[in-house]
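S.K.: Would you mind keeping the following structure in view while I ask a few things?
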Protein chains: 6
Amino acid sequence: MNKVQEFNEYREKMNGVILGKQNKVINRLFNLDTNTYAEGALPTRTKEMLGLVASMVLRCDDCIKYHLGKCHDEGIKTDEMYEIFAVANIVGGTIVIPHTRRAAEYWEELQEEAK
Amino acid sequence: MNKVQEFNEYREKMNGVILGKQNKVINRLFNLDTNTYAEGALPTRTKEMLGLVASMVLRCDDCIKYHLGKCHDEGIKTDEMYEIFAVANIVGGTIVIPHTRRAAEYWEELQEEAK
Amino acid sequence: MNKVQEFNEYREKMNGVILGKQNKVINRLFNLDTNTYAEGALPTRTKEMLGLVASMVLRCDDCIKYHLGKCHDEGIKTDEMYEIFAVANIVGGTIVIPHTRRAAEYWEELQEEAK
Amino acid sequence: MNKVQEFNEYREKMNGVILGKQNKVINRLFNLDTNTYAEGALPTRTKEMLGLVASMVLRCDDCIKYHLGKCHDEGIKTDEMYEIFAVANIVGGTIVIPHTRRAAEYWEELQEEAK
Amino acid sequence: MNKVQEFNEYREKMNGVILGKQNKVINRLFNLDTNTYAEGALPTRTKEMLGLVASMVLRCDDCIKYHLGKCHDEGIKTDEMYEIFAVANIVGGTIVIPHTRRAAEYWEELQEEAK
Amino acid sequence: MNKVQEFNEYREKMNGVILGKQNKVINRLFNLDTNTYAEGALPTRTKEMLGLVASMVLRCDDCIKYHLGKCHDEGIKTDEMYEIFAVANIVGGTIVIPHTRRAAEYWEELQEEAK
């Protein structure tokens with residue numbers, strides 16, 4: 001099982017556990033999270049880029065993986081992706097580099113899988 | 001070996017290495033850390049909840065595990081726990097969700113172990 | 001005008017500007033934020049302490065002020081408050097001290113105002 | 001003097017002091033920072049939005065002001081801006097709200113000034 | 001009153017308020033904080049540089065001011081200081097720049113005052 | 001393969017992937033990162049200590065490993081190293097402890113390897 005599948009399966013399984021507890025605030029936040037990236041004044045494509053760069057500077061590997069998957073679905077190309085990486089590394093500093101290494105690896109896997 | 005045992009063993013082993021170096025500041029900080037959660041004007045139970053929510057918004061998985069164990073010892077129930085998770089996710093944002101997934105998994109293991 | 005009034009007025013004015021733009025995600029998040037601290041499995045009093053400690057370790061002065069006001073309304077006493085400060089400073093480190101100074105000052109003003 | 005002018009003047013003055021010290025690493029980083037937002041695979045307009053959302057979740061008021069000014073120059077509209085604010089607040093949590101209040105105030109001033 | 005005096009007076013006044021509450025954990029942490037920078041295997045001079053760079057990447061303006069004052073007392077020169085600034089800005093990213101501007105201003109005042 | 005080799009190999013492999021994409025900003029940032037720690041007004045030895053403490057308070061395990069390796073090359077001794085750990089833990093709080101555990105483990109491996 002590759003990193004993409006592993007991430008998606010764990011995410012789905014644990015989201016099921018969490019949502020199953022019926023905490024109203026958490027369940028509504030998960031719902032609101034989905035709505036945040038819907039088409040609006042800005043297209044989903046742009047919003048997913050925003051979600052990715054935010055996840056990178058906050059250095060959350062799982063959030064990065066999630067938005068990399070979404071950006072891939074939105075047809076973002078590798079040279080565009082590396083410009084997003086550039087913004088994240090300049091704003092957030094070299095502390096973002098290790099996360100960029102893992103992001104680059106995951107991005108390669110997303111490309112492989114799409115073939 | 002489950003996640004609870006794995007965490008506790010590594011923690012104990014490495015704390016031994018660190019404390020063995022006899023750095024006065026570090027050893028006193030470790031000691032002070034323990035005192036922080038002692039009964040006082042606020043009960044230990046409340047302080048452990050405070051330690052947990054602080055660890056969640058700062059997104060430190062090992063600190064979360066430690067306080068989950070302590071909260072479990074204090075008899076905190078699952079619906080109370082998910083309200084702590086809710087505060088952490090609202091204050092800290094969706095960036096806390098991946099840590100909540102791992103916290104939820106660890107919490108399930110603590111329940112299992114207690115049976 | 002003291003710090004308590006100043007904070008509350010600016011907060012109210014700018015919340016009005018923000019909510020007036022009718023961005024659905026933001027307006028729902030503001031609403032969800034209020035619900036997070038409602039009575040539930042845990043009392044509001046405990047949740048406000050959780051909100052405060054989370055704000056302190058994330059070092060957001062305005063969030064600290066907001067929850068200090070709420071904790072004051074909930075009848076939290078000064079020795080309890082300083083135990084919350086203690087958890088925040090131990091978990092978050094001396095980097096939290098300057099925020100604790102401003103929190104202590106605001107807490108004194110809340111006491112003064114209540115006389 | 002309004003907040004826009006105040007920010008720009010202080011920024012310009014202190015950048016002068018810093019760059020005048022001729023520290024090679026700092027001076028090259030300032031230069032690289034400018035290049036990061038140049039037209040490329042992604043347009044400047046998108047990159048400025050990325051810079052803004054990154055600044056918001058990292059909660060740097062001055063960085064937010066800088067990118068708000070640039071986004072204004074790029075012709076970003078208020079409903080688009082609030083969708084950027086929404087992503088920042090959902091990803092970064094309610095801890096971002098006080099920064100959003102100051103961002104909203106600065107955005108209003110940028111609109112005023114443009115009239 | 002300049003920024004150096006203003007910082008020192010507020011710090012002293014509020015430390016007095018905090019320590020006066022006799023919270024054992026906080027008072028011991030303040031004491032431990034002082035010991036951290038004492039001469040040891042590493043000289044105070046080096047430790048103050050470490051305290052400064054840590055404060056810069058964590059973006060705490062008051063902590064930065066405190067350590068700038070201490071570094072000044074230790075005889076650190078301006079070209080050395082800007083190399084510390086360089087490490088902080090590279091590791092922490094451009095998000096550190098606004099704090100560097102305020103640090104540079106405070107450093108100038110410390111030089112002025114020493115004349 | 002031990003942790004030191006594992007870290008170095010992954011780092012080298014993924015840096016190769018990233019640099020190979022020829023994003024000018026990223027490649028220049030990587031280059032600038034190297035220059036930051038060159039001999040200057042401050043010696044490399046001091047700068048590597050600064051890079052380490054900055055990485056610790058920002059809680060980036062891979063950055064910590066990188067600078068631990070460099071500090072080891074610079075001949076920093078264990079009692080000096082633990083004083084750096086002490087500054088990081090006091091400034092950054094107990095949230096840094098889990099990272100200190102992993103740092104202590106890696107430091108032991110660097111010593112072992114050198115025998």
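Order determines the names: the first chain of the structure tokens is A, the second B, and so forth; residues in each chain are numbered 1 upward, and ligands are numbered 1 upward as they are shown.
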Using 12 Å as the limit and counting only C-alpha atoms, can you tabulate each residue of chain E that touches chain C, with its shortest atom-to-atom distance in Å and the two atoms involved, as a tab-separated table?
M.R.:
```
residue	atom	partner	partner_atom	distance
E:Phe7	CA	C:Pro98	CA	10.6
E:Asn8	CA	C:Pro98	CA	11.9
E:Tyr10	CA	C:Arg101	CA	8.7
E:Arg11	CA	C:Arg101	CA	7.5
E:Glu12	CA	C:Arg101	CA	9.8
E:Lys13	CA	C:Arg101	CA	9.1
E:Met14	CA	C:Arg101	CA	5.5
E:Asn15	CA	C:Arg101	CA	6.9
E:Gly16	CA	C:Arg101	CA	9.7
E:Val17	CA	C:Ala104	CA	7.5
E:Ile18	CA	C:Ala104	CA	6.8
E:Leu19	CA	C:Tyr82	CA	10.3
E:Gly20	CA	C:Tyr82	CA	11.1
E:Lys21	CA	C:Asp79	CA	7.7
E:Gln22	CA	C:Asp79	CA	9.0
E:Asn23	CA	C:Tyr82	CA	6.5
E:Lys24	CA	C:Ala86	CA	8.8
E:Val25	CA	C:Ala86	CA	6.1
E:Ile26	CA	C:Ala86	CA	5.5
E:Asn27	CA	C:Ala86	CA	9.2
E:Arg28	CA	C:Ala86	CA	10.2
E:Leu29	CA	C:Ile90	CA	7.7
E:Phe30	CA	C:Thr94	CA	8.1
E:Asn31	CA	C:Thr94	CA	11.1
E:Leu32	CA	C:Thr94	CA	10.0
E:Asp33	CA	C:Thr94	CA	7.4
E:Thr34	CA	C:Thr94	CA	10.7
E:Thr36	CA	C:Thr94	CA	11.2
E:Gly51	CA	C:Ile95	CA	10.2
E:Leu52	CA	C:Ile95	CA	11.1
E:Ala54	CA	C:Ile95	CA	9.2
E:Ser55	CA	C:Ile95	CA	7.1
E:Met56	CA	C:Ile95	CA	10.3
E:Val57	CA	C:Ile95	CA	11.0
E:Leu58	CA	C:Ile95	CA	7.8
E:Arg59	CA	C:Ile95	CA	9.0
E:Cys60	CA	C:Ile95	CA	6.7
E:Asp61	CA	C:Pro98	CA	8.9
E:Asp62	CA	C:Pro98	CA	6.3
E:Cys63	CA	C:Ile95	CA	6.7
E:Ile64	CA	C:Ile95	CA	9.7
E:Lys65	CA	C:Pro98	CA	10.9
E:Tyr66	CA	C:Pro98	CA	10.3
E:His67	CA	C:Ile95	CA	11.8
```
S.K.: Export, as a PDB file, in the first residue's frame, the selected residues with C-alpha atoms.
M.R.:
```
ATOM      1  CA  PHE E   7      10.016  48.125  28.368  1.00  0.00           C
ATOM      2  CA  ASN E   8      12.044  47.775  31.557  1.00  0.00           C
ATOM      3  CA  TYR E  10       6.491  47.797  32.536  1.00  0.00           C
ATOM      4  CA  ARG E  11       8.328  44.490  32.876  1.00  0.00           C
ATOM      5  CA  GLU E  12       9.455  45.261  36.406  1.00  0.00           C
ATOM      6  CA  LYS E  13       6.037  46.512  37.508  1.00  0.00           C
ATOM      7  CA  MET E  14       4.102  43.527  36.171  1.00  0.00           C
ATOM      8  CA  ASN E  15       6.679  40.965  37.337  1.00  0.00           C
ATOM      9  CA  GLY E  16       6.071  42.464  40.776  1.00  0.00           C
ATOM     10  CA  VAL E  17       2.317  41.908  40.459  1.00  0.00           C
ATOM     11  CA  ILE E  18       2.773  38.330  39.240  1.00  0.00           C
ATOM     12  CA  LEU E  19       5.384  37.241  41.778  1.00  0.00           C
ATOM     13  CA  GLY E  20       3.339  38.866  44.555  1.00  0.00           C
ATOM     14  CA  LYS E  21       0.543  36.331  44.019  1.00  0.00           C
ATOM     15  CA  GLN E  22       2.865  33.636  45.401  1.00  0.00           C
ATOM     16  CA  ASN E  23       1.995  30.940  42.867  1.00  0.00           C
ATOM     17  CA  LYS E  24       4.776  28.453  43.568  1.00  0.00           C
ATOM     18  CA  VAL E  25       5.089  27.064  40.041  1.00  0.00           C
ATOM     19  CA  ILE E  26       5.290  30.499  38.416  1.00  0.00           C
ATOM     20  CA  ASN E  27       7.736  31.867  40.984  1.00  0.00           C
ATOM     21  CA  ARG E  28       9.998  28.842  40.595  1.00  0.00           C
ATOM     22  CA  LEU E  29       9.829  29.106  36.801  1.00  0.00           C
ATOM     23  CA  PHE E  30      10.911  32.775  36.946  1.00  0.00           C
ATOM     24  CA  ASN E  31      13.797  31.721  39.167  1.00  0.00           C
ATOM     25  CA  LEU E  32      14.749  28.843  36.867  1.00  0.00           C
ATOM     26  CA  ASP E  33      14.639  31.213  33.890  1.00  0.00           C
ATOM     27  CA  THR E  34      17.370  33.336  35.475  1.00  0.00           C
ATOM     28  CA  THR E  36      19.283  29.114  32.586  1.00  0.00           C
ATOM     29  CA  GLY E  51      17.834  33.036  24.035  1.00  0.00           C
ATOM     30  CA  LEU E  52      17.615  35.817  21.478  1.00  0.00           C
ATOM     31  CA  ALA E  54      14.822  31.416  20.091  1.00  0.00           C
ATOM     32  CA  SER E  55      12.744  34.522  20.901  1.00  0.00           C
ATOM     33  CA  MET E  56      13.044  35.754  17.334  1.00  0.00           C
ATOM     34  CA  VAL E  57      11.854  32.596  15.607  1.00  0.00           C
ATOM     35  CA  LEU E  58       8.998  32.353  18.143  1.00  0.00           C
ATOM     36  CA  ARG E  59       8.285  36.009  17.320  1.00  0.00           C
ATOM     37  CA  CYS E  60       7.913  37.389  20.831  1.00  0.00           C
ATOM     38  CA  ASP E  61       8.810  41.102  20.702  1.00  0.00           C
ATOM     39  CA  ASP E  62       9.165  41.543  24.456  1.00  0.00           C
ATOM     40  CA  CYS E  63      11.382  38.457  24.781  1.00  0.00           C
ATOM     41  CA  ILE E  64      13.486  39.836  21.923  1.00  0.00           C
ATOM     42  CA  LYS E  65      13.867  43.170  23.706  1.00  0.00           C
ATOM     43  CA  TYR E  66      14.880  41.459  26.923  1.00  0.00           C
ATOM     44  CA  HIS E  67      17.614  39.403  25.248  1.00  0.00           C
TER      45      HIS E  67
END
```
S.K.: As a PyMOL selection string, please: the residues near A:Asp73 (cut-off 12 Å, only C-alpha atoms, same-chain neighbours under 4 positions excluded).
M.R.: chain A and resi 44-45+48-49+66-69+77+107+110-111+113-114
S.K.: For the residues in the current selection, export C-alpha atoms as an mmCIF file, in the first residue's frame.
M.R.:
```cif
data_model
loop_
_atom_site.group_PDB
_atom_site.id
_atom_site.type_symbol
_atom_site.label_atom_id
_atom_site.label_comp_id
_atom_site.auth_asym_id
_atom_site.auth_seq_id
_atom_site.Cartn_x
_atom_site.Cartn_y
_atom_site.Cartn_z
ATOM 1 C CA THR A 44 -12.006 25.792 -5.695
ATOM 2 C CA ARG A 45 -8.676 25.499 -7.488
ATOM 3 C CA GLU A 48 -7.095 24.506 -2.487
ATOM 4 C CA MET A 49 -3.804 26.300 -3.182
ATOM 5 C CA TYR A 66 -4.834 16.225 1.994
ATOM 6 C CA HIS A 67 -4.494 19.465 0.026
ATOM 7 C CA LEU A 68 -1.860 17.977 -2.305
ATOM 8 C CA GLY A 69 -4.453 15.350 -3.239
ATOM 9 C CA LYS A 77 0.895 21.254 -12.571
ATOM 10 C CA TRP A 107 3.410 14.691 -5.007
ATOM 11 C CA LEU A 110 0.204 11.245 -6.843
ATOM 12 C CA GLN A 111 1.713 11.661 -10.332
ATOM 13 C CA GLU A 113 -0.748 6.838 -9.396
ATOM 14 C CA ALA A 114 -2.388 8.963 -12.080
#
```
S.K.: Please report the interatomic distance between atom CA of B:Pro43 and atom CA of C:Ala41 in Å with one decimal.
M.R.: 17.5 Å
S.K.: Could you tell me how far atom CA of F:Asn2 sits from atom CA of F:Glu109, in Å to one decimal place?
M.R.: 7.9 Å
S.K.: Go ahead and compute the interatomic distance for atom CA of C:His72 and atom CA of B:Cys71, in Å to one decimal.
M.R.: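 Result for atom CA of C:His72 versus atom CA of B:Cys71: 25.6 Å, one decimal.
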